[in-house]
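Chemist: Pasting a structure below so you can have a look.
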Amino acid sequence: MAFLGAAASPSQLLVTTGSFLAWLLVQQSLAGPLLSRVFGQSLWTSRTAEERHACGISMTCGCYGVAAVSFGLIGLLYPSPSVEADPIYGYSDFVQFAAAHGVGFFLWNILAENSRAWGGWDKFAHHALCIVAHLVSQHPFSPKCLCMLMLFEFSTPPLCAFNVLRWLGLEDTQAYRNCRVAFAVLFFVFRIAFGIPMTAAWYADMYTLAADPLREVHSMAVFNIMLIVPIPFMCLQLWWFRLIARAVLKKGKKQVK
């Protein structure tokens with residue numbers, strides 16, 4: 001487990017476990033009562049158990065999206081002196097906490113989305129790749145890049161909001177339409193327009209690291225794995241964006257008719 005670095009330390013494992021249990025608590029004990037209060041008891045109880053379960057997961061994911069974006073922005077705007085001096089191997093207690101917290105969330109997400117039925121290979125692959133990225137970053141390794149990766153979650157709250165509205169049968173509302181538009185725009189801005197150059201810049205940093213005779217990679221196995229991880233991850237983003245674009249075009253054609 002030495003290749004995981006600080007991720008295998010008791011303090012980081014405690015944060016990961018606490019994160020998993022906290023998001024499980026939000027989903028199972030807090031989401032339902034809150035949604036019932038916001039949308040009304042009669043509407044909430046009129047939905048099936050599966051629909052309420054899906055709403056709980058969506059709301060929990062939306063809350064994580066807000067937390068992850070906050071972590072990412074704070075880490076980028078107020079980096080520790082160590083990370084500012086060395087974005088690849090610099091250390092930050094704050095980023096370490098955020099990374100361990102992310103592992104706990106995505107472990108919960110895999111469990112929650114597949115507890116009653118298979119959630120799909122695309123979601124499973126995305127969550128698994130995120131777990132790898134958040135685990136490896138705790139060595140520490142590429143803490144600045146992890147903070148930028150967290151900004152991908154900008155698109156998560158509107159996605160979860162329109163999913164909640166959809167499961168509650170409120171697809172004909174203006175709020176639902178607004179959330180779908182916000183999701184499409186934010187997805188493109190942060191996961192495509194920002195994500196592709198960010199990934200390219202990270203590969204350039206990795207090339208510089210490998211080519212520098214004065215620096216040593218902490219683990220060649222981890223380094224090589226991380227060279228592969230961004231490829232399927234960004235392919236997923238492009239595939240999802242293709243689906244989003246098709247849905248937008250289809251909606252546009254219906255409106256023209």
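Residues in the structure tokens are numbered from 1 in each chain, the chains being A, B, ... in the order shown, and ligands are numbered from 1 in the order shown.
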Do a neighbour search on stretch 204-218 of chain A at 9 Å with only C-alpha atoms, toss out local chain neighbours closer than 6 positions, and write the hits as a PyMOL selection string.
Modeler: chain A and resi 3+88+139+141+227
Chemist: Would you save the residues of that selection, restricted to N, CA, C and O atoms, as a tab-separated table (two decimals), in the first residue's frame?
Modeler:
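Written out: part_4.tsv:
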chain	number	residue	atom	x	y	z
A	3	PHE	N	2.51	2.64	-2.27
A	3	PHE	CA	2.38	3.47	-3.46
A	3	PHE	C	1.22	4.47	-3.33
A	3	PHE	O	1.16	5.45	-4.05
A	88	ILE	N	2.90	19.74	-8.57
A	88	ILE	CA	2.87	18.29	-8.78
A	88	ILE	C	3.06	17.52	-7.48
A	88	ILE	O	2.30	16.59	-7.19
A	139	HIS	N	-1.02	11.20	-2.42
A	139	HIS	CA	0.37	10.78	-2.13
A	139	HIS	C	1.16	11.80	-1.35
A	139	HIS	O	1.85	11.40	-0.39
A	141	PHE	N	0.10	13.98	-5.05
A	141	PHE	CA	0.48	13.97	-6.46
A	141	PHE	C	-0.53	14.80	-7.24
A	141	PHE	O	-1.73	14.52	-7.20
A	227	LEU	N	-1.27	8.12	-16.39
A	227	LEU	CA	-1.18	8.55	-17.78
A	227	LEU	C	-2.34	8.00	-18.62
A	227	LEU	O	-2.73	8.59	-19.62
Chemist: Can you measure atom CA of A:Val26 to atom CA of A:Leu129 for me? One decimal in Å is fine.
Modeler: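 Taking atom CA of A:Val26 as the start and atom CA of A:Leu129 as the end point, the length is 23.4 Å.
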Chemist: Please provide the set of residues having any atom within 8 Å of stretch 236-248 of chain A, restricted to only C-alpha atoms, with same-chain residues fewer than 5 positions apart removed, written as a PyMOL selection string.
Modeler: chain A and resi 122+126+184+187-188+191-192
Chemist: Taking only C-alpha atoms into account, which of A:Leu24, A:Val181, A:Leu76, A:Val132 comes nearest A:Lys251?
Modeler: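 The closest residue to A:Lys251 is A:Val181.
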Chemist: For stretch 50-57 of chain A, please output as a list in words all residues within 6 Å (counting only C-alpha atoms; exclusion window: fewer than 4 positions along the same chain).
Modeler: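 Once the nearby chain positions are removed, what remains is Gln27, Ala31, Val164 and Trp167 of chain A.
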Chemist: Those selected residues, please, written with C-alpha atoms and delivered as a tab-separated table (two decimals), in the first residue's frame.
Modeler:
chain	number	residue	atom	x	y	z
A	27	GLN	CA	-29.42	10.23	1.17
A	31	ALA	CA	-33.07	14.13	1.51
A	164	VAL	CA	-35.40	15.58	-9.06
A	167	TRP	CA	-38.82	12.10	-10.88
Chemist: Would you please work out which residue, of A:Val69, A:Cys179, A:Leu25, A:Val136, is nearest to A:Phe223 when using only C-alpha atoms?
Modeler: A:Val136
Chemist: Go through A:Cys61, A:Ile110, A:Cys147, A:Ala49 and flag the residue nearest A:Cys160, using only C-alpha atoms for the distances.
Modeler: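 When distances to A:Cys160 are compared using only C-alpha atoms, the smallest one comes from A:Cys61.
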Chemist: Tell me, as a PyMOL selection string, which residues lie within 6 Å of stretch 95-106 of chain A, counting only C-alpha atoms; anything in the same chain fewer than 2 positions away does not count.
Modeler: chain A and resi 12+15-16+19-20+92-93+108-109+127+131+134+138
Chemist: Measure the distance from atom CA of A:Ile231 to atom CA of A:Glu113 in Å and round it to one decimal.
Modeler: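 So the two atoms, atom CA of A:Ile231 and atom CA of A:Glu113, lie 23.8 Å apart.
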Chemist: From the options A:Lys144, A:Leu135, A:Met226, A:Leu30, which residue's atoms come nearest to A:Ala85, counting only C-alpha atoms?
Modeler: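 The closest residue to A:Ala85 is A:Lys144.
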Chemist: Restricting the calculation to only C-alpha atoms: of A:Phe152, A:Tyr203, A:Phe162, A:Trp121, which residue gets closest to A:Val66?
Modeler: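 Smallest separation from A:Val66 among the options: A:Phe152.
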Chemist: Within 10 Å of A:Pro230, counting only C-alpha atoms, which residues show up once you throw out same-chain ones fewer than 2 positions away? Write them as an NGL selection string, please.
Modeler: :A and (129-130 or 133 or 196 or 199-200 or 202-203 or 225-228 or 232-236)
Chemist: Provide the atom CA of A:Val83 to atom CA of A:Cys145 distance in Å, to one decimal place.
Modeler: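 Atom CA of A:Cys145 lies 10.6 Å from atom CA of A:Val83.
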Chemist: Can you work out which one of A:Ala193, A:Ala68, A:Gly169, A:Gly90 has the shortest atom-to-atom distance to A:Thr48, counting only C-alpha atoms?
Modeler: A:Gly169
